[in-house]
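Asker: Before anything else, here's the structure in question.
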Amino acid sequence: MSNPLIVGIDLGTTNSLVAVAKEGVPLILTDIKSGETLLPSVVYFPFDGTAPVVGSSAKELLATEPSRTVYSTKRLMGKGYDDVKGETANLSYELSTERTDVATIRLGDNLVTAPEVAALVLRALKDRAEASLGETVTKAVITVPAYFNDAQRQATKDAGEIAGLEVVRIVNEPTAASLAYGLQNKKSATIAVYDLGGGTFDVSLLRLEDGVFDVLATNGDTHLGGDDFDELLSDRLLSEIGVTEPSPELRATVRVAAEAAKRHLSDAAQTDVHVSLGDNGAFVRTVTKSEFESLISPLVERTLAPCRQALTDAGLTATEIDEVVLVGGSTRVPAVRQAVQTLFGKAPHTDVNPDEVVALGAAVQADILSSGRTDLLLLDVTPLSLGIETMGGATEKLLFRNAKIPSSAKEEFTTSVDGQTVVLLHVVQGEREMATDNRSLARIELRGIPPMPAGLPKIEVTFFLDMNGILRVTATETRSGAKTDVRIKPTYGLAEGEVRRMVRDSFVNADEDFKARMLADMRNEADSAILGATKLLAGYGNDIPDADRIGVETALAEMKNARDNAPDHSTVREKMDALDMAGRSLAEAAMSSVARSIVGGKTLSEAAQVLEERIKEERPE
Ligand code: AMP
């Protein structure tokens, strides 16, 4: 059976693309009628309620139908009204105040959410792919900026589902761009991805290690791009044309001419601008490359500050960057390329079309996912289980091998010693039952627990493994609120071979591991039984006949011995049962002082537990 077809989609602010890999080579899919590769991320909603229009035809309606033509929805994804109301000035359509939980656009009497608009763009890409490939497309990899948070990623996924696409992976745009250049085939590298589009600028610094990309830092300016270059040039041209109050039409015409000139100047030393002034003839002017470059130089300079900041945030110097990747149409401007090269001290990769590089990389990722290639460890599941070492040295797994990313899990732990104020959590990775056989990831200290009897504190440990494979561990003592929060990179430096070995070892040693695990858990139980019996003996030992007390003391000594020396869990269990039997009258004596009625025929450990509960209830929180 052939592999499932998965397409790669770059869902952009201005334009979107769809690509697919054929025999390992990624290709952009074009519109079969127009031959276009870029699909403008613009949707026009007709007054009469007929089907929305997506792409170039919608973009053409922007000038005449501004309030019903929706663009830049990427800026609204995963946001509520309060987050986006600042964008109102930049948008020609109306944002609805009725729904505050999700950014919503008002189209007359109708409302449409940002993910629904994005879904229409995705649907058009799906249709395009199906027409071009001649088969049904149901699965996609979609890219998002590295700085997108969970809500924004989720909104993108939602848009995919609305469009009838199963989003098998959300990939960071800079990672996709790196994949398009095949950088994943390097063992390790530090990569700078400089992305200057029409209206946004992003820089991302990535660390690649054994096929895993990790985002070290991101920075940028959400309102800076090639459109600003156009505006500067058109303002200059308009002032030369000398019309005091230019009409919107003249402004638009000059703007188009300025953008065309800008594009020409990426390949030519000069270009001529023609603007028809109707009855007043035409405005004709030559623009040289050097004039254009000095005009835009402050804007180019403005992109460098975020680059420097990202380097600082990642604790890197420019010389530590091994690879520079350019993304976005505006990186075709030679002055931009030069500035990037000067900053990072090395020539950027420019072979792949900067408009297409992200979509092509998404297709590479899609290809890896559909082919099930194992030579590339590009995370979409966690390759090894992640857990915490328990008191007895066993591994308590919180996230299991092959858990989908992102993933989270929660588990409650407690203390083992009275008055314990610090808990040491050992985070481990691997399949083995005993923590020492697994890989140690981190030792975390949770401090500031108020002194309480052993077993009383409630320590909630949560694991959150994010899209980039970054594990975040938080430990909270829920009674006092003491909290600690650590980020760990579980896959850092882990090669695929190592992953396979760790999984294999867990099968080979399964039997022994299981026994060791049983013993470790039994010892934990034994510890609390020993602690309980010791406390009860101290408190109520004198209230029972001597023979009974000696019986408990003997059983306790044997239990301690078994806990430390028994080779298997069943011996410890026997001694624990014996201790419970011997301790029956002690348990009852203890209970009589508090609540004999609740105890009935309880065993020693149960009685100790009931007592603990009492203490807990009496203790002010
Ligand atoms: P993107 O958002 O990545 O599609 O980039 C679009 C921006 O790239 C727009 O501002 C375009 O004017 C600009 N652009 C496209 N081609 C060129 C070119 N050859 N030279 C300069 N800018 C370009």
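Identifiers in this document derive from the order of the structure tokens: chains are assigned A, B, ..., residues are numbered from 1 separately in each chain, and ligands are numbered from 1 in order of occurrence.
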Tell me, as JSON, numbers by chain, which residues lie within 9 Å of Arg169 in chain A, counting only C-alpha atoms; anything in the same chain fewer than 5 positions away does not count.
Answerer: {"A": [140, 141, 142, 143, 157, 365, 366, 369, 380]}
Asker: Can you check which residues of range 90-282 of chain A DSSP gives as helix (DSSP H, G or I) on the backbone and send them as a PyMOL selection string?
Answerer: chain A and resi 90+114-133+150-162+173-180+183-185+226-241+248-265+278-280
Asker: Hey, which of A:Pro246, A:Gly134, A:Pro354, A:Gly49 ends up closest to ligand 1? Count only C-alpha atoms and all ligand atoms.
Answerer: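 Among the listed residues, the smallest separation from ligand 1 belongs to A:Pro354.
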Asker: Counting only C-alpha atoms, which residue out of A:Ala180, A:Ala19, A:Leu206, A:Ala454 sits closest to Ala314 in chain A?
Answerer: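 Distance minimum relative to Ala314 in chain A lands on A:Leu206.
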Asker: Counting only C-alpha atoms and all ligand atoms, which residues in chain A sit no more than 8 Å from ligand 1? For each one, give the nearest pair of atoms and the distance in Å, sorted by chain then residue number, as CSV.
Answerer:
residue,atom,partner,partner_atom_place_in_ligand_line,distance
A:Gly12,CA,ligand 1,2 (O),7.1
A:Thr13,CA,ligand 1,2 (O),6.8
A:Thr14,CA,ligand 1,2 (O),5.3
A:Asn15,CA,ligand 1,4 (O),5.5
A:Leu38,CA,ligand 1,4 (O),7.9
A:Asp195,CA,ligand 1,3 (O),7.7
A:Leu196,CA,ligand 1,3 (O),6.5
A:Gly197,CA,ligand 1,2 (O),3.5
A:Gly198,CA,ligand 1,10 (O),3.5
A:Gly199,CA,ligand 1,2 (O),6.5
A:Thr200,CA,ligand 1,2 (O),7.4
A:Gly225,CA,ligand 1,10 (O),6.2
A:Gly226,CA,ligand 1,10 (O),3.5
A:Asp227,CA,ligand 1,10 (O),4.6
A:Asp228,CA,ligand 1,10 (O),7.7
A:Phe229,CA,ligand 1,10 (O),7.5
A:Asp230,CA,ligand 1,12 (O),7.4
A:Glu259,CA,ligand 1,12 (O),5.7
A:Ala260,CA,ligand 1,12 (O),7.7
A:Lys262,CA,ligand 1,21 (C),5.5
A:Arg263,CA,ligand 1,20 (N),3.7
A:His264,CA,ligand 1,19 (N),6.6
A:Leu265,CA,ligand 1,20 (N),7.0
A:Ser266,CA,ligand 1,20 (N),4.9
A:Asp267,CA,ligand 1,19 (N),7.5
A:Val327,CA,ligand 1,3 (O),6.8
A:Gly328,CA,ligand 1,3 (O),3.3
A:Gly329,CA,ligand 1,8 (O),3.2
A:Ser330,CA,ligand 1,8 (O),3.9
A:Thr331,CA,ligand 1,22 (N),6.8
A:Arg332,CA,ligand 1,20 (N),4.7
A:Val333,CA,ligand 1,21 (C),4.7
A:Pro354,CA,ligand 1,3 (O),6.9
A:Asp355,CA,ligand 1,3 (O),5.0
Asker: Take the residues from that selection and write them out as a short mmCIF file (atom, residue, chain, number, x, y, z; two decimals), in the first residue's frame, keeping N, CA, C and O atoms.
Answerer:
data_model
loop_
_atom_site.label_atom_id
_atom_site.label_comp_id
_atom_site.auth_asym_id
_atom_site.auth_seq_id
_atom_site.Cartn_x
_atom_site.Cartn_y
_atom_site.Cartn_z
N GLY A 12 0.25 31.83 5.18
CA GLY A 12 0.92 33.11 5.43
C GLY A 12 -0.02 34.26 5.73
O GLY A 12 -1.22 34.16 5.50
N THR A 13 0.55 35.35 6.23
CA THR A 13 -0.24 36.54 6.51
C THR A 13 -0.78 37.13 5.21
O THR A 13 -1.94 37.50 5.10
N THR A 14 0.11 37.18 4.19
CA THR A 14 -0.26 37.79 2.92
C THR A 14 -0.59 36.73 1.86
O THR A 14 -1.59 36.83 1.17
N ASN A 15 0.28 35.72 1.77
CA ASN A 15 0.10 34.68 0.76
C ASN A 15 0.26 33.30 1.39
O ASN A 15 0.99 33.16 2.37
N LEU A 38 1.44 31.38 -5.57
CA LEU A 38 1.01 32.03 -4.34
C LEU A 38 -0.51 32.19 -4.35
O LEU A 38 -1.07 32.61 -5.35
N ASP A 195 13.38 36.33 8.32
CA ASP A 195 12.15 36.26 7.52
C ASP A 195 11.53 37.65 7.40
O ASP A 195 10.94 38.15 8.36
N LEU A 196 11.70 38.26 6.22
CA LEU A 196 11.13 39.58 5.98
C LEU A 196 10.10 39.46 4.85
O LEU A 196 10.45 39.26 3.70
N GLY A 197 8.84 39.55 5.23
CA GLY A 197 7.76 39.42 4.24
C GLY A 197 7.24 40.78 3.84
O GLY A 197 7.98 41.77 3.84
N GLY A 198 5.95 40.82 3.50
CA GLY A 198 5.34 42.08 3.11
C GLY A 198 5.06 42.97 4.31
O GLY A 198 5.31 44.18 4.27
N GLY A 199 4.54 42.37 5.37
CA GLY A 199 4.13 43.19 6.51
C GLY A 199 4.73 42.78 7.84
O GLY A 199 4.47 43.44 8.85
N THR A 200 5.49 41.70 7.87
CA THR A 200 6.03 41.25 9.15
C THR A 200 7.49 40.87 9.03
O THR A 200 7.96 40.47 7.96
N GLY A 225 7.91 45.46 7.02
CA GLY A 225 8.11 44.56 5.88
C GLY A 225 8.23 45.33 4.59
O GLY A 225 8.34 46.57 4.58
N GLY A 226 8.20 44.58 3.50
CA GLY A 226 8.36 45.17 2.18
C GLY A 226 7.30 46.21 1.84
O GLY A 226 7.56 47.14 1.06
N ASP A 227 6.11 46.08 2.45
CA ASP A 227 5.07 47.08 2.20
C ASP A 227 5.53 48.46 2.65
O ASP A 227 5.15 49.49 2.07
N ASP A 228 6.34 48.49 3.71
CA ASP A 228 6.86 49.78 4.19
C ASP A 228 7.86 50.37 3.20
O ASP A 228 7.98 51.59 3.09
N PHE A 229 8.58 49.49 2.48
CA PHE A 229 9.49 49.99 1.44
C PHE A 229 8.65 50.69 0.37
O PHE A 229 8.99 51.78 -0.10
N ASP A 230 7.56 50.01 -0.02
CA ASP A 230 6.67 50.56 -1.07
C ASP A 230 6.14 51.93 -0.63
O ASP A 230 6.07 52.87 -1.42
N GLU A 259 5.85 49.52 -5.99
CA GLU A 259 6.20 48.12 -5.71
C GLU A 259 6.87 47.47 -6.91
O GLU A 259 7.85 46.74 -6.77
N ALA A 260 6.36 47.81 -8.10
CA ALA A 260 6.96 47.25 -9.32
C ALA A 260 8.40 47.72 -9.46
O ALA A 260 9.30 46.95 -9.80
N LYS A 262 10.40 48.65 -7.06
CA LYS A 262 11.18 47.95 -6.03
C LYS A 262 11.61 46.58 -6.53
O LYS A 262 12.77 46.20 -6.40
N ARG A 263 10.69 45.86 -7.11
CA ARG A 263 11.01 44.51 -7.60
C ARG A 263 12.07 44.57 -8.70
O ARG A 263 12.99 43.77 -8.71
N HIS A 264 11.91 45.54 -9.63
CA HIS A 264 12.90 45.67 -10.70
C HIS A 264 14.28 45.93 -10.14
O HIS A 264 15.27 45.41 -10.61
N LEU A 265 14.30 46.77 -9.09
CA LEU A 265 15.60 47.18 -8.55
C LEU A 265 16.33 46.05 -7.83
O LEU A 265 17.50 46.17 -7.50
N SER A 266 15.61 44.93 -7.61
CA SER A 266 16.31 43.78 -7.02
C SER A 266 17.26 43.15 -8.04
O SER A 266 18.19 42.45 -7.67
N ASP A 267 16.99 43.43 -9.35
CA ASP A 267 17.84 42.83 -10.39
C ASP A 267 18.48 43.86 -11.31
O ASP A 267 19.22 43.50 -12.22
N VAL A 327 14.05 34.00 4.32
CA VAL A 327 12.65 33.68 4.03
C VAL A 327 11.93 35.00 3.74
O VAL A 327 12.26 36.02 4.34
N GLY A 328 10.93 34.95 2.87
CA GLY A 328 10.09 36.13 2.63
C GLY A 328 10.56 36.90 1.40
O GLY A 328 11.76 37.04 1.15
N GLY A 329 9.57 37.39 0.65
CA GLY A 329 9.84 38.06 -0.62
C GLY A 329 10.81 39.23 -0.50
O GLY A 329 11.59 39.50 -1.41
N SER A 330 10.77 39.91 0.64
CA SER A 330 11.59 41.12 0.77
C SER A 330 13.08 40.81 0.95
O SER A 330 13.90 41.73 0.88
N THR A 331 13.42 39.54 1.16
CA THR A 331 14.85 39.22 1.25
C THR A 331 15.47 39.13 -0.15
O THR A 331 16.65 38.85 -0.28
N ARG A 332 14.66 39.42 -1.18
CA ARG A 332 15.24 39.51 -2.52
C ARG A 332 15.94 40.84 -2.72
O ARG A 332 16.71 41.01 -3.64
N VAL A 333 15.63 41.80 -1.87
CA VAL A 333 16.26 43.12 -1.99
C VAL A 333 17.74 42.97 -1.64
O VAL A 333 18.08 42.55 -0.53
N PRO A 354 12.62 32.53 -1.83
CA PRO A 354 12.26 32.86 -0.44
C PRO A 354 10.76 32.90 -0.16
O PRO A 354 10.34 32.82 0.99
N ASP A 355 9.95 32.98 -1.23
CA ASP A 355 8.49 32.94 -1.02
C ASP A 355 8.03 31.49 -0.82
O ASP A 355 6.96 31.25 -0.28
#
Asker: Excluding Met522 in chain A and residues on its chain fewer than 4 positions from it, collect all residues at most 10 Å away from it, counting only C-alpha atoms, and give them as a short mmCIF file (atom, residue, chain, number, x, y, z; two decimals) with C-alpha atoms, in the first residue's frame.
Answerer:
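As written to disk, part12.cif reads:
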data_model
loop_
_atom_site.label_atom_id
_atom_site.label_comp_id
_atom_site.auth_asym_id
_atom_site.auth_seq_id
_atom_site.Cartn_x
_atom_site.Cartn_y
_atom_site.Cartn_z
CA GLY A 392 12.28 3.30 46.15
CA ALA A 516 12.96 -4.93 40.79
CA ARG A 517 10.03 -2.61 40.35
CA MET A 518 7.75 -4.76 42.54
CA ALA A 526 7.01 -1.03 53.97
CA ASP A 527 8.49 2.35 54.82
CA ARG A 563 12.64 -4.28 53.93
CA ASP A 568 11.95 -10.16 46.50
CA HIS A 569 8.77 -8.32 47.24
CA SER A 570 6.77 -11.32 48.51
CA THR A 571 8.99 -11.76 51.60
CA VAL A 572 8.50 -8.11 52.48
CA ARG A 573 4.77 -8.49 51.95
CA MET A 576 4.20 -6.62 56.57
#
